[in-house]
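The next block is run18.pdb, given as PDB, C-alpha atoms.
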ATOM      1  CA  MET A1317       0.000   0.000   0.000
ATOM      2  CA  LEU A1318       1.152   3.495  -0.795
ATOM      3  CA  GLY A1319      -0.974   6.034   1.019
ATOM      4  CA  GLY A1320      -4.220   4.164   0.368
ATOM      5  CA  MET A1321      -3.210   2.964  -3.092
ATOM      6  CA  GLN A1322      -2.734  -0.786  -3.518
ATOM      7  CA  GLU A1323       0.326  -1.605  -5.597
ATOM      8  CA  LEU A1324      -0.242  -3.864  -8.599
ATOM      9  CA  SER A1325       2.503  -6.004 -10.122
ATOM     10  CA  GLU A1326       2.858  -7.668 -13.487
ATOM     11  CA  ALA A1327       1.689 -10.900 -11.832
ATOM     12  CA  ASP A1328      -1.582  -9.572 -10.414
ATOM     13  CA  TYR A1329      -2.591  -6.569 -12.568
ATOM     14  CA  GLU A1330      -5.087  -8.317 -14.834
ATOM     15  CA  ARG A1331      -6.471 -10.626 -12.140
ATOM     16  CA  VAL A1332      -7.111  -7.863  -9.606
ATOM     17  CA  LEU A1333      -8.699  -5.488 -12.109
ATOM     18  CA  ALA A1334     -10.809  -8.228 -13.723
ATOM     19  CA  ARG A1335     -12.312  -8.967 -10.298
ATOM     20  CA  SER A1336     -12.830  -5.329  -9.364
ATOM     21  CA  ARG A1337     -16.376  -4.047  -9.132
ATOM     22  CA  GLY A1338     -17.311  -0.441  -9.624
ATOM     23  CA  ALA A1339     -14.681   2.111 -10.570
ATOM     24  CA  ALA A1340     -10.973   1.484 -10.141
ATOM     25  CA  LEU A1341      -8.310   4.097 -10.806
ATOM     26  CA  VAL A1342      -4.826   2.872 -11.707
ATOM     27  CA  CYS A1343      -1.955   5.328 -11.433
ATOM     28  CA  PHE A1344       1.252   4.609 -13.354
ATOM     29  CA  ALA A1345       4.038   6.600 -11.707
ATOM     30  CA  ILE A1346       7.531   6.093 -10.381
ATOM     31  CA  ARG A1347       7.593   5.853  -6.583
ATOM     32  CA  GLU A1348      10.074   8.721  -6.193
ATOM     33  CA  ASN A1349       8.140  11.009  -8.543
ATOM     34  CA  PRO A1350       6.228  13.756  -6.706
ATOM     35  CA  ALA A1351       3.414  13.324  -9.247
ATOM     36  CA  LEU A1352       2.403  10.097  -7.518
ATOM     37  CA  ASP A1353       1.823  11.908  -4.226
ATOM     38  CA  ALA A1354       0.083  14.748  -6.057
ATOM     39  CA  ILE A1355      -2.339  12.352  -7.742
ATOM     40  CA  ARG A1356      -3.020  10.532  -4.482
ATOM     41  CA  LEU A1357      -3.670  13.815  -2.650
ATOM     42  CA  VAL A1358      -5.878  15.172  -5.426
ATOM     43  CA  LEU A1359      -7.933  11.981  -5.502
ATOM     44  CA  GLU A1360      -8.291  11.938  -1.740
ATOM     45  CA  SER A1361      -9.333  15.597  -1.599
ATOM     46  CA  ALA A1362     -11.856  14.948  -4.390
ATOM     47  CA  GLY A1363     -13.363  12.116  -2.372
ATOM     48  CA  ALA A1364     -12.111   9.359  -4.655
ATOM     49  CA  SER A1365     -11.038   7.152  -1.787
ATOM     50  CA  ARG A1366     -14.717   6.695  -0.929
ATOM     51  CA  GLU A1367     -16.018   6.268  -4.463
ATOM     52  CA  TRP A1368     -13.268   4.356  -6.249
ATOM     53  CA  SER A1369     -10.655   1.740  -5.561
ATOM     54  CA  LEU A1370      -7.170   3.199  -5.979
ATOM     55  CA  PHE A1371      -4.251   1.241  -7.437
ATOM     56  CA  TRP A1372      -0.688   2.054  -8.355
ATOM     57  CA  VAL A1373       1.848   0.533 -10.770
ATOM     58  CA  ASP A1374       5.554   1.366 -10.581
ATOM     59  CA  PRO A1375       6.691   1.328 -14.230
ATOM     60  CA  LEU A1376      10.280   0.605 -13.148
ATOM     61  CA  GLY A1377       9.207  -2.585 -11.401
ATOM     62  CA  ALA A1378       6.656  -3.544 -14.053
ATOM     63  CA  ARG A1379       8.401  -2.527 -17.267
ATOM     64  CA  GLU A1380       6.993  -5.312 -19.422
ATOM     65  CA  LEU A1381       3.436  -4.672 -18.236
ATOM     66  CA  THR A1382       3.800  -0.926 -18.804
ATOM     67  CA  ARG A1383       5.124  -1.567 -22.312
ATOM     68  CA  GLN A1384       2.406  -4.117 -23.154
ATOM     69  CA  LEU A1385      -0.336  -1.774 -21.970
ATOM     70  CA  GLY A1386       1.012   1.066 -24.075
ATOM     71  CA  VAL A1387       1.556   3.563 -21.275
ATOM     72  CA  ARG A1388       3.171   6.427 -23.178
ATOM     73  CA  ALA A1389       3.580   9.155 -20.581
ATOM     74  CA  LEU A1390       4.023   9.326 -16.833
ATOM     75  CA  PRO A1391       2.131   9.861 -14.718
ATOM     76  CA  ALA A1392      -0.883   8.136 -16.231
ATOM     77  CA  LEU A1393      -4.212   7.580 -14.525
ATOM     78  CA  TRP A1394      -6.440   4.934 -16.067
ATOM     79  CA  LEU A1395     -10.058   4.252 -15.214
ATOM     80  CA  TYR A1396     -11.502   0.743 -15.140
ATOM     81  CA  VAL A1397     -15.183   0.044 -14.461
ATOM     82  CA  ASP A1398     -16.227  -3.462 -13.474
ATOM     83  CA  GLY A1399     -12.899  -4.745 -14.799
ATOM     84  CA  ASP A1400     -13.077  -2.997 -18.186
ATOM     85  CA  TYR A1401     -10.784  -0.164 -19.310
ATOM     86  CA  HIS A1402     -12.636   3.111 -19.920
ATOM     87  CA  ALA A1403     -10.210   6.026 -20.234
ATOM     88  CA  ASP A1404      -6.909   7.735 -19.586
ATOM     89  CA  VAL A1405      -8.310  10.185 -17.040
ATOM     90  CA  LEU A1406      -5.439  12.685 -17.203
ATOM     91  CA  ALA A1407      -5.898  12.932 -20.975
ATOM     92  CA  VAL A1408      -9.634  13.584 -20.488
ATOM     93  CA  ALA A1409      -9.123  16.058 -17.618
ATOM     94  CA  GLY A1410      -6.431  18.139 -19.301
ATOM     95  CA  PRO A1411      -3.060  19.455 -18.178
ATOM     96  CA  ASP A1412      -4.286  21.344 -15.089
ATOM     97  CA  ALA A1413      -6.064  18.356 -13.530
ATOM     98  CA  LEU A1414      -3.491  17.843 -10.784
ATOM     99  CA  ARG A1415      -4.026  21.397  -9.575
ATOM    100  CA  ARG A1416      -7.824  21.210  -9.653
ATOM    101  CA  PRO A1417      -9.240  18.233  -7.745
ATOM    102  CA  GLN A1418     -12.818  18.869  -8.841
ATOM    103  CA  SER A1419     -11.890  18.846 -12.540
ATOM    104  CA  LEU A1420     -10.150  15.512 -12.062
ATOM    105  CA  ALA A1421     -13.169  14.109 -10.219
ATOM    106  CA  ALA A1422     -15.454  15.418 -12.975
ATOM    107  CA  ALA A1423     -13.273  13.773 -15.648
ATOM    108  CA  VAL A1424     -13.486  10.457 -13.797
ATOM    109  CA  ALA A1425     -17.278  10.766 -13.508
ATOM    110  CA  GLN A1426     -17.574  11.612 -17.220
ATOM    111  CA  ALA A1427     -15.299   8.761 -18.322
ATOM    112  CA  ARG A1428     -17.145   6.341 -16.051
ATOM    113  CA  LEU A1429     -20.347   6.899 -18.026
ATOM    114  CA  GLY A1430     -18.728   6.055 -21.346
ATOM    115  CA  PRO A1431     -18.503   2.589 -22.875
ATOM    116  CA  PRO A1432     -15.587   0.244 -22.225
ATOM    117  CA  MET A1433     -12.788   0.437 -24.770
ATOM    118  CA  PRO A1434      -9.505  -1.361 -25.409
ATOM    119  CA  PRO A1435      -6.491  -0.058 -23.467
ATOM    120  CA  PRO A1436      -4.067   1.994 -25.581
ATOM    121  CA  GLY A1437      -1.640  -0.920 -26.066
ATOM    122  CA  ALA A1438      -4.279  -3.505 -26.996
TER     123      ALA A1438
END

So, in terms of structure tokens, how does the structure I just supplied come out?
Amino acid sequence: MLGGMQELSEADYERVLARSRGAALVCFAIRENPALDAIRLVLESAGASREWSLFWVDPLGARELTRQLGVRALPALWLYVDGDYHADVLAVAGPDALRRPQSLAAAVAQARLGPPMPPPGA
């Protein structure tokens, strides 16, 4: 656990997310990168810890998974709903999302309503 975010590895990523119910947010960020703490704090202040399960993947420890999934930029914040990929939330929310918790929460809510889609690397 990293501040309320459960770490996912290459071995358990698909299994854990496939079994997840409701919304799950997966943050791809290097542990030492301040962006990881910023995302966690923004999500917590937006109330995400009550509405969504929070997960984290360290791309340095899960390089093959990160490559296979097609994660192109760090940090990345992906939304899954009932085990299905829905969106890259930071791409939907825009560049100021980490400074505006409510815009990030609104982007998650908007993406949650959309249909499932294949992850970028699929």

- Excluding same-chain residues fewer than 5 positions from Gln1322 in chain A, what lies within 12 Å of it counting all atoms listed in the file, as a PyMOL selection string? chain A and resi 1317+1328-1329+1332-1333+1340-1344+1356+1365+1369-1374

- Query: Do you know which residues the PyMOL selection byres ((chain A and resi 1395-1412) around 7) returns on this file, as a PyMOL selection string?
  - Reply: chain A and resi 1333-1342+1392-1394+1413-1416+1419-1420+1423-1424+1427-1428+1430-1435

For the selection you just gave me, I'd like the residues written to a file as a tab-separated table (two decimals), in the frame of the given file, keeping C-alpha atoms.
chain	number	residue	atom	x	y	z
A	1333	LEU	CA	-8.70	-5.49	-12.11
A	1334	ALA	CA	-10.81	-8.23	-13.72
A	1335	ARG	CA	-12.31	-8.97	-10.30
A	1336	SER	CA	-12.83	-5.33	-9.36
A	1337	ARG	CA	-16.38	-4.05	-9.13
A	1338	GLY	CA	-17.31	-0.44	-9.62
A	1339	ALA	CA	-14.68	2.11	-10.57
A	1340	ALA	CA	-10.97	1.48	-10.14
A	1341	LEU	CA	-8.31	4.10	-10.81
A	1342	VAL	CA	-4.83	2.87	-11.71
A	1392	ALA	CA	-0.88	8.14	-16.23
A	1393	LEU	CA	-4.21	7.58	-14.52
A	1394	TRP	CA	-6.44	4.93	-16.07
A	1413	ALA	CA	-6.06	18.36	-13.53
A	1414	LEU	CA	-3.49	17.84	-10.78
A	1415	ARG	CA	-4.03	21.40	-9.57
A	1416	ARG	CA	-7.82	21.21	-9.65
A	1419	SER	CA	-11.89	18.85	-12.54
A	1420	LEU	CA	-10.15	15.51	-12.06
A	1423	ALA	CA	-13.27	13.77	-15.65
A	1424	VAL	CA	-13.49	10.46	-13.80
A	1427	ALA	CA	-15.30	8.76	-18.32
A	1428	ARG	CA	-17.14	6.34	-16.05
A	1430	GLY	CA	-18.73	6.06	-21.35
A	1431	PRO	CA	-18.50	2.59	-22.88
A	1432	PRO	CA	-15.59	0.24	-22.22
A	1433	MET	CA	-12.79	0.44	-24.77
A	1434	PRO	CA	-9.51	-1.36	-25.41
A	1435	PRO	CA	-6.49	-0.06	-23.47

- Might you spell out which residues the PyMOL selection byres ((chain A and resi 1385) around 7) would select in the displayed file, as an MDAnalysis selection string? chainID A and resid 1381:1384 1386:1387 1435:1438

- Message: What's the separation between CA of Ala1327 in chain A and CA of Leu1429 in chain A, in Å to one decimal place?
- Response: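 Taking CA of Ala1327 in chain A and CA of Leu1429 in chain A, their separation equals 29.0 Å.
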
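CA of Ala1421 in chain A lies 21.2 Å from CA of Glu1323 in chain A.
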
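Relative to CA of Arg1388 in chain A, CA of Ile1355 in chain A is found at 17.4 Å.
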